[in-house]
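final36.cif follows (mmCIF, C-alpha atoms and all ligand atoms):
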data_final
loop_
_atom_site.label_atom_id
_atom_site.label_comp_id
_atom_site.auth_asym_id
_atom_site.auth_seq_id
_atom_site.Cartn_x
_atom_site.Cartn_y
_atom_site.Cartn_z
CA MET A 4 0.00 0.00 0.00
CA THR A 5 1.24 3.55 -0.75
CA ARG A 6 3.04 5.14 2.20
CA ILE A 7 1.37 8.37 3.35
CA SER A 8 2.92 10.72 5.87
CA PRO A 9 0.75 11.24 9.00
CA ARG A 10 1.75 14.92 8.73
CA HIS A 11 -0.17 15.31 5.48
CA PRO A 12 -3.26 17.51 6.11
CA ARG A 13 -5.45 15.01 4.23
CA TYR A 14 -3.88 11.99 5.98
CA GLN A 15 -7.09 10.19 6.98
CA SER A 16 -8.77 10.79 3.68
CA LEU A 17 -5.71 9.62 1.73
CA ARG A 18 -5.44 6.50 3.87
CA THR A 19 -9.09 5.71 3.19
CA ARG A 20 -8.50 6.20 -0.53
CA ALA A 21 -5.48 3.90 -0.46
CA ARG A 22 -7.55 1.27 1.37
CA LEU A 23 -10.31 1.47 -1.22
CA ALA A 24 -7.87 1.32 -4.11
CA GLU A 25 -6.35 -1.81 -2.57
CA ALA A 26 -9.86 -3.28 -2.12
CA ALA A 27 -10.53 -2.56 -5.81
CA ARG A 28 -7.33 -4.38 -6.79
CA ARG A 29 -8.52 -7.38 -4.74
CA GLY A 30 -11.93 -7.30 -6.46
CA LEU A 31 -13.98 -6.29 -3.42
CA VAL A 32 -14.77 -2.81 -4.79
CA ALA A 33 -15.84 -2.15 -8.38
CA PRO A 34 -13.92 0.54 -10.32
CA GLU A 35 -17.15 2.56 -10.37
CA GLY A 36 -17.12 2.39 -6.56
CA LEU A 37 -13.92 4.42 -6.50
CA ILE A 38 -15.64 7.18 -8.45
CA ALA A 39 -18.65 7.08 -6.13
CA HIS A 40 -16.26 7.47 -3.19
CA GLY A 41 -14.74 10.58 -4.77
CA ARG A 42 -18.18 12.10 -5.11
CA GLY A 43 -18.85 11.41 -1.43
CA GLU A 44 -15.50 12.90 -0.36
CA ALA A 45 -16.34 16.18 -2.06
CA PHE A 46 -19.64 16.52 -0.20
CA ASP A 47 -18.00 15.62 3.11
CA TYR A 48 -15.45 18.38 2.50
CA PHE A 49 -18.32 20.85 2.15
CA LEU A 50 -19.71 19.63 5.51
CA GLY A 51 -16.34 20.06 7.22
CA GLU A 52 -15.99 16.28 7.62
CA ARG A 53 -18.25 16.22 10.66
CA SER A 54 -21.80 15.11 11.41
CA ILE A 55 -24.14 18.09 11.26
CA PRO A 56 -26.99 18.43 13.79
CA SER A 57 -29.69 17.39 11.30
CA ALA A 58 -27.72 14.22 10.51
CA ARG A 59 -27.55 13.43 14.22
CA ARG A 60 -31.33 13.88 14.44
CA ALA A 61 -31.83 11.60 11.44
CA GLU A 62 -29.52 8.99 13.00
CA ARG A 63 -31.44 8.96 16.29
CA LEU A 64 -34.72 8.54 14.43
CA ALA A 65 -33.22 5.85 12.18
CA ALA A 66 -32.10 3.93 15.27
CA ARG A 67 -35.72 3.96 16.46
CA TRP A 68 -37.00 2.71 13.09
CA LEU A 69 -34.45 -0.12 13.10
CA ALA A 70 -35.27 -0.98 16.72
CA ASN A 71 -39.03 -0.99 16.06
CA ALA A 72 -38.83 -2.94 12.81
CA GLU A 73 -39.76 -6.64 12.66
CA ARG A 74 -37.53 -7.52 9.70
CA PRO A 75 -34.85 -4.81 9.30
CA VAL A 76 -32.07 -5.32 6.74
CA LEU A 77 -28.79 -3.53 6.17
CA SER A 78 -27.78 -3.70 2.52
CA VAL A 79 -24.00 -4.02 2.01
CA ASN A 80 -22.12 -3.31 -1.21
CA GLY A 81 -18.39 -3.44 -1.97
CA ASN A 82 -17.61 0.10 -0.81
CA VAL A 83 -19.50 -0.42 2.45
CA ALA A 84 -17.63 -3.68 3.16
CA ALA A 85 -14.26 -2.10 2.34
CA LEU A 86 -14.85 1.08 4.35
CA ALA A 87 -16.86 -0.14 7.30
CA ALA A 88 -17.14 -3.92 7.74
CA GLU A 89 -16.41 -3.59 11.48
CA GLY A 90 -18.93 -0.75 11.89
CA VAL A 91 -21.58 -2.79 10.07
CA VAL A 92 -21.00 -5.79 12.33
CA ARG A 93 -20.99 -3.66 15.51
CA LEU A 94 -24.34 -2.16 14.48
CA ALA A 95 -25.76 -5.63 13.69
CA GLU A 96 -24.61 -6.89 17.09
CA ALA A 97 -26.34 -3.96 18.79
CA THR A 98 -29.59 -4.33 16.82
CA PRO A 99 -31.76 -7.43 17.40
CA ARG A 100 -33.20 -8.88 14.16
CA LEU A 101 -30.99 -6.76 11.85
CA ALA A 102 -29.99 -8.95 8.87
CA LEU A 103 -26.97 -8.19 6.70
CA GLU A 104 -27.46 -8.70 2.97
CA VAL A 105 -24.91 -8.39 0.18
CA ASN A 106 -26.50 -6.28 -2.53
CA LEU A 107 -24.35 -5.15 -5.43
CA PHE A 108 -24.87 -2.76 -8.29
CA HIS A 109 -22.00 -4.39 -10.19
CA ARG A 110 -22.58 -8.00 -9.18
CA THR A 111 -20.29 -10.88 -9.95
CA PRO A 112 -20.40 -14.12 -7.94
CA GLY A 113 -16.77 -13.47 -6.92
CA ARG A 114 -17.45 -9.97 -5.63
CA ALA A 115 -20.56 -11.14 -3.74
CA ARG A 116 -18.47 -13.82 -2.01
CA ALA A 117 -15.69 -11.31 -1.29
CA VAL A 118 -18.14 -8.93 0.40
CA ALA A 119 -19.57 -11.74 2.53
CA ARG A 120 -16.07 -12.94 3.46
CA ARG A 121 -15.03 -9.41 4.47
CA LEU A 122 -18.11 -9.16 6.74
CA GLU A 123 -17.46 -12.60 8.19
CA ALA A 124 -13.84 -11.67 8.89
CA ALA A 125 -15.25 -8.78 10.96
CA GLY A 126 -17.46 -11.22 12.89
CA ALA A 127 -20.72 -11.31 10.87
CA LYS A 128 -22.86 -14.45 10.93
CA GLY A 129 -25.49 -15.62 8.44
CA VAL A 130 -24.82 -13.03 5.74
CA LEU A 131 -27.62 -13.09 3.14
CA GLY A 132 -27.61 -12.32 -0.58
CA VAL A 133 -24.53 -14.21 -1.76
CA ARG A 134 -26.74 -16.38 -3.95
CA PRO A 135 -29.85 -14.28 -4.65
CA THR A 136 -33.14 -16.12 -4.41
CA TYR A 137 -35.60 -13.42 -5.48
CA ARG A 138 -35.89 -10.66 -8.10
CA ILE A 139 -37.47 -7.27 -7.43
CA ALA A 140 -39.89 -6.43 -10.23
CA GLY A 141 -39.30 -3.32 -12.31
CA LEU A 142 -35.54 -3.08 -11.89
CA PRO A 143 -33.24 -4.02 -14.76
CA SER A 144 -30.22 -6.32 -14.41
CA ASP A 145 -28.35 -7.40 -11.31
CA ARG A 146 -29.64 -4.62 -9.10
CA ALA A 147 -32.90 -6.53 -8.75
CA ASP A 148 -31.30 -9.64 -7.22
CA VAL A 149 -32.05 -9.98 -3.52
CA ASP A 150 -32.55 -12.62 -0.85
CA ARG A 151 -35.99 -14.07 -0.21
CA LEU A 152 -35.24 -14.08 3.54
CA GLY A 153 -33.77 -10.56 3.54
CA ILE A 154 -34.64 -7.51 1.46
CA ALA A 155 -37.50 -9.33 -0.28
CA ARG A 156 -39.49 -9.40 2.98
CA ALA A 157 -37.96 -6.46 4.88
CA ASP A 158 -40.09 -3.80 6.54
CA VAL A 159 -37.17 -1.36 7.00
CA CYS A 160 -34.06 -1.28 4.84
CA LEU A 161 -30.91 0.69 5.63
CA VAL A 162 -29.18 1.42 2.33
CA PRO A 163 -25.78 3.08 2.51
CA LEU A 164 -24.36 4.36 -0.81
CA GLU A 165 -27.40 3.16 -2.75
CA ASP A 166 -28.61 4.11 -6.22
CA GLY A 167 -31.84 5.99 -6.73
CA ASP A 168 -33.64 3.42 -8.88
CA ARG A 169 -33.25 0.67 -6.31
CA ALA A 170 -34.24 2.95 -3.44
CA ALA A 171 -37.41 3.79 -5.38
CA ALA A 172 -38.08 0.11 -6.14
CA LEU A 173 -37.78 -0.78 -2.45
CA ARG A 174 -40.22 1.96 -1.53
CA ARG A 175 -42.69 0.70 -4.13
CA ARG A 176 -42.63 -2.62 -2.27
CA GLY A 177 -43.71 -0.79 0.88
CA ILE A 178 -40.28 -1.01 2.52
CA ARG A 179 -39.26 1.99 4.62
CA VAL A 180 -35.95 3.17 3.21
CA ILE A 181 -33.25 4.78 5.35
CA SER A 182 -30.35 6.05 3.23
CA ILE A 183 -26.81 7.01 4.19
CA ASP A 184 -25.50 9.26 1.45
CA LEU A 185 -23.35 12.38 1.69
CA ASN A 186 -24.99 13.84 -1.39
CA PRO A 187 -28.25 15.55 -0.41
CA LEU A 188 -29.04 16.02 -4.13
CA SER A 189 -28.77 12.35 -5.13
CA ARG A 190 -31.88 10.50 -6.20
CA THR A 191 -31.34 8.11 -3.30
CA SER A 192 -31.41 10.94 -0.75
CA GLU A 193 -34.41 12.46 -2.52
CA THR A 194 -36.24 9.11 -2.56
CA ALA A 195 -35.51 7.79 0.93
CA ASP A 196 -38.15 8.00 3.65
CA LEU A 197 -35.37 8.92 6.06
CA PRO A 198 -32.22 10.34 4.45
CA ILE A 199 -29.06 10.49 6.59
CA VAL A 200 -26.61 12.94 5.00
CA ASP A 201 -23.45 11.85 6.77
CA GLU A 202 -20.29 9.89 6.14
CA LEU A 203 -20.79 6.13 6.34
CA THR A 204 -18.48 5.27 9.26
CA ARG A 205 -19.71 8.22 11.35
CA ALA A 206 -23.34 7.34 10.62
CA LEU A 207 -22.94 3.65 11.54
CA GLU A 208 -21.27 4.59 14.82
CA ALA A 209 -24.01 7.14 15.62
CA LEU A 210 -26.70 4.51 14.92
CA ARG A 211 -24.96 2.01 17.17
CA THR A 212 -24.60 4.55 19.97
CA ALA A 213 -28.29 5.48 19.74
CA MET A 214 -29.47 1.86 19.66
CA PRO A 215 -29.68 1.03 23.41
CA GLY A 216 -31.93 4.05 23.99
CA ALA A 217 -34.04 3.17 20.96
CA LEU A 218 -34.45 -0.42 22.16
CA ALA A 219 -35.40 0.73 25.65
CA ARG A 220 -38.34 2.63 24.07
CA ARG A 221 -39.17 -0.11 21.55
CA ARG A 222 -42.70 -0.15 20.12
CA ALA A 223 -42.88 -2.85 17.47
CA GLY A 224 -44.09 -1.63 14.10
CA HIS A 225 -44.17 2.04 15.16
CA PHE A 226 -42.24 4.41 12.90
CA PRO A 227 -42.27 8.02 14.14
CA PRO A 228 -42.57 10.42 11.17
CA SER A 229 -39.48 11.85 9.50
CA ASP A 230 -39.18 15.24 7.86
CA ALA A 231 -37.16 14.00 4.88
CA SER A 232 -37.24 17.23 2.89
CA GLY A 233 -36.36 19.29 5.99
CA LEU A 234 -33.36 17.04 6.66
CA LEU A 235 -32.13 17.47 3.08
CA ALA A 236 -32.66 21.23 3.18
CA SER A 237 -30.60 21.44 6.40
CA ALA A 238 -27.76 19.49 4.78
CA ARG A 239 -27.79 21.74 1.71
CA ARG A 240 -27.74 24.84 3.93
CA ALA A 241 -24.85 23.45 5.99
CA MET A 242 -22.89 22.93 2.76
CA VAL A 243 -23.56 26.48 1.59
CA VAL A 244 -22.40 27.83 4.96
CA GLY A 245 -19.34 25.57 4.83
CA LEU A 246 -18.45 26.78 1.36
CA THR A 247 -18.75 30.46 2.19
CA ARG A 248 -17.05 30.47 5.63
CA PRO A 249 -13.50 31.88 5.55
CA ARG A 250 -10.97 29.09 5.85
CA GLY A 251 -7.28 28.32 5.46
CA PRO A 252 -5.53 25.97 3.03
CA GLY A 253 -5.98 22.29 3.82
CA THR A 254 -9.02 22.93 6.02
CA PRO A 255 -12.27 21.32 4.87
CA ALA A 256 -15.10 23.79 4.36
CA GLY A 257 -17.06 24.37 7.55
CA SER A 258 -14.42 22.64 9.67
CA ARG A 259 -13.43 24.17 12.96
CA ARG A 260 -10.00 22.61 12.59
CA PRO A 261 -7.29 25.29 12.57
CA ALA A 262 -6.06 26.29 9.17
CA LEU A 263 -2.61 25.13 8.14
CA ARG A 264 0.11 27.61 9.01
CA ARG A 265 1.67 29.12 5.92
CA PRO A 266 5.42 28.61 5.75
CA ALA A 267 7.32 31.78 6.72
CA ARG A 268 8.86 33.54 3.77
P1 LIG B 1 -28.34 8.28 -7.30
O1 LIG B 1 -28.86 7.23 -8.23
O2 LIG B 1 -28.86 8.17 -5.92
O3 LIG B 1 -28.44 9.70 -7.82
P2 LIG B 1 -25.48 8.51 -7.51
O4 LIG B 1 -25.27 8.22 -8.93
O5 LIG B 1 -25.29 9.89 -6.97
O6 LIG B 1 -26.86 7.89 -7.07
P3 LIG B 1 -23.55 6.54 -6.81
O7 LIG B 1 -22.54 6.89 -7.82
O8 LIG B 1 -24.25 5.23 -6.87
O9 LIG B 1 -24.61 7.64 -6.57
O10 LIG B 1 -22.79 6.71 -5.39
C1 LIG B 1 -23.36 6.55 -4.20
C2 LIG B 1 -23.44 7.80 -3.35
O11 LIG B 1 -22.71 7.52 -2.17
C3 LIG B 1 -22.89 9.12 -3.89
O12 LIG B 1 -23.94 10.05 -3.92
C4 LIG B 1 -21.84 9.58 -2.85
O13 LIG B 1 -22.03 10.92 -2.51
C5 LIG B 1 -22.15 8.71 -1.66
N1 LIG B 1 -20.97 8.31 -0.89
C6 LIG B 1 -19.78 7.85 -1.34
N2 LIG B 1 -18.96 7.54 -0.32
C7 LIG B 1 -19.64 7.78 0.82
C8 LIG B 1 -19.35 7.63 2.21
N3 LIG B 1 -18.17 7.17 2.64
N4 LIG B 1 -20.30 7.98 3.10
C9 LIG B 1 -21.52 8.42 2.69
N5 LIG B 1 -21.86 8.59 1.39
C10 LIG B 1 -20.93 8.28 0.46
#
If you took the structure in this file and wrote it as structure tokens, what would it be?
Amino acid sequence: MTRISPRHPRYQSLRTRARLAEAARRGLVAPEGLIAHGRGEAFDYFLGERSIPSARRAERLAARWLANAERPVLSVNGNVAALAAEGVVRLAEATPRLALEVNLFHRTPGRARAVARRLEAAGAKGVLGVRPTYRIAGLPSDRADVDRLGIARADVCLVPLEDGDRAAALRRRGIRVISIDLNPLSRTSETADLPIVDELTRALEALRTAMPGALARRRAGHFPPSDASGLLASARRAMVVGLTRPRGPGTPAGSRRPALRRPAR
């Protein structure tokens, strides 16, 4: 893997990129997944690489939906497995009934097995979707392939880094869709019942942290209303503020991190 100096101002982000590039070389992440990651990075920069208050609200509500669901499913693609397999498993361990299902936009049998293996290496048990057993009507190609025991019968589906067509198809089946997507303008964010505009690893950790409280108040089948368009509007406003706030070189927009000191001349 490329060596990156910890003194580089974009150290974490460059390390994450290097990890994803390595995962792509091993076949876990599709080449298109690298491009999707770049799109996400740009939006996170606008947010100052932190969870904004409306995202935190969405995450607390999402924890309640997952706690109250009878058949919740977390859909896992290559990027999610490469970036956050441990976070996915920690959330599953904290959430009774939450099934993990491999669901790929660019599906090959090898990549589906690689995603499941990565989850299992992080401690996951009973991963669904490696050999799909059901097709969702109205979706072309591989994106329709799901598991009869998972997404096909889910009441709530958590879809990180999803595409808009599939999110819409899930909703048409009556599934409540919670998205995690840094782009508040994507069709997925626009389609989801409950859009979380936050970075994947931060969002999974926030969901896990909120879960004990959500379970303590559990009311099966009760889904408190979400203000999806208000959540998206807040995220767009936070990005505008982040982009217009004065900042120094190497400091993500909106970040309260100190600007890099300019070298003395
Ligand atoms: P849509 O069909 O919803 O409009 P899209 O074409 O914008 O989808 P994709 O290319 O499928 O989306 O990428 C998935 C989305 O995931 C992108 O909108 C990107 O902003 C987001 N994304 C990428 N990496 C992360 C991450 N680490 N955390 C949260 N969101 C991310």
Next item on the list: Quick one: everything within 8 Å of Ala58 of chain A, counting all atoms listed in the file, minus sequence neighbours fewer than 6 positions away in the same chain. Send it as a VMD selection string.
Entry: chain A and resid 199 to 201 234 238
Notebook entry, point to check: Which residue gives the smallest distance to Leu152 of chain A among A:Arg169, A:Arg93, A:Arg74, A:Arg174, with all atoms listed in the file counted?
Noted result: A:Arg74
Note to self: ligand LIG 1 (chain B): which residues are within 9 Å, counting all atoms listed in the file? Reply as a PyMOL selection string.
What the structure shows: chain A and resi 35-47+82-83+86-87+108+163-170+183-194+199-206
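Among the candidates A:Leu131, A:His225, A:Ala155, A:Arg121, the one nearest to Asn71 of chain A when counting all atoms listed in the file is A:His225.
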Note to self: Set the distance at 9 Å and use all atoms listed in the file: which residues neighbour segment 111-120 of chain A once local chain neighbours fewer than 2 positions away are removed? I'd like the list as a list in words.
What the structure shows: Arg29, Gly30, Leu31, Val32, Ala33, Val79, Asn80, Gly81, Val83, Ala84, Ala85, Ala88, Glu104, Val105, Asn106, Leu107, His109, Leu122, Glu123, Ala124, Ala125, Ala127, Val130, Leu131, Gly132, Val133, Arg134 and Asp145 of chain A
Item checked: Residues near Leu161 of chain A, cut-off 7 Å, all atoms listed in the file, skip fewer than 3 positions along chain, as a PyMOL selection string -> chain A and resi 76-78+180-182
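Note that atom CA of Leu50 of chain A and atom CA of Ile7 of chain A are 24.0 Å apart.
Among the candidate residues A:Pro227, A:Gly90, A:Pro12, A:Pro135, the one lying nearest to Thr212 of chain A is A:Gly90, with distances computed using only C-alpha atoms.
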Check: In Å, how far is it from atom CA of Ala231 of chain A to atom CA of Met214 of chain A?
Finding: 20.6 Å
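Shortest separation to Asp158 of chain A among A:Ala140, A:Ala241, A:Leu69, A:Ala195 occurs at residue A:Leu69, atoms counted being all atoms listed in the file.
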Item checked: Straight-line distance linking atom CA of Arg179 of chain A with atom CA of Ser54 of chain A, stated in Å to one decimal -> 22.9 Å
Notebook entry, point to check: With distances taken over only C-alpha atoms, which of A:Glu73, A:Asp196, A:Glu96, A:Glu52 is nearest to Gly153 of chain A?
Noted result: A:Glu73
Just want the 8 Å neighbourhood of Ala61 of chain A, counted on all atoms listed in the file, with same-chain residues fewer than 2 positions away dropped. Output as a short mmCIF file (atom, residue, chain, number, x, y, z; two decimals) with C-alpha atoms, in the frame of the given file.
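The resulting file, around.cif, is reproduced below:
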data_model
loop_
_atom_site.label_atom_id
_atom_site.label_comp_id
_atom_site.auth_asym_id
_atom_site.auth_seq_id
_atom_site.Cartn_x
_atom_site.Cartn_y
_atom_site.Cartn_z
CA SER A 57 -29.69 17.39 11.30
CA ALA A 58 -27.72 14.22 10.51
CA ARG A 59 -27.55 13.43 14.22
CA ARG A 63 -31.44 8.96 16.29
CA LEU A 64 -34.72 8.54 14.43
CA ALA A 65 -33.22 5.85 12.18
CA LEU A 197 -35.37 8.92 6.06
CA PRO A 198 -32.22 10.34 4.45
CA ILE A 199 -29.06 10.49 6.59
CA SER A 229 -39.48 11.85 9.50
CA LEU A 234 -33.36 17.04 6.66
#
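Closest approach to Arg222 of chain A from the set A:Ser16, A:Arg248, A:Glu62, A:Arg67 is made by A:Arg67, with distances taken over only C-alpha atoms.
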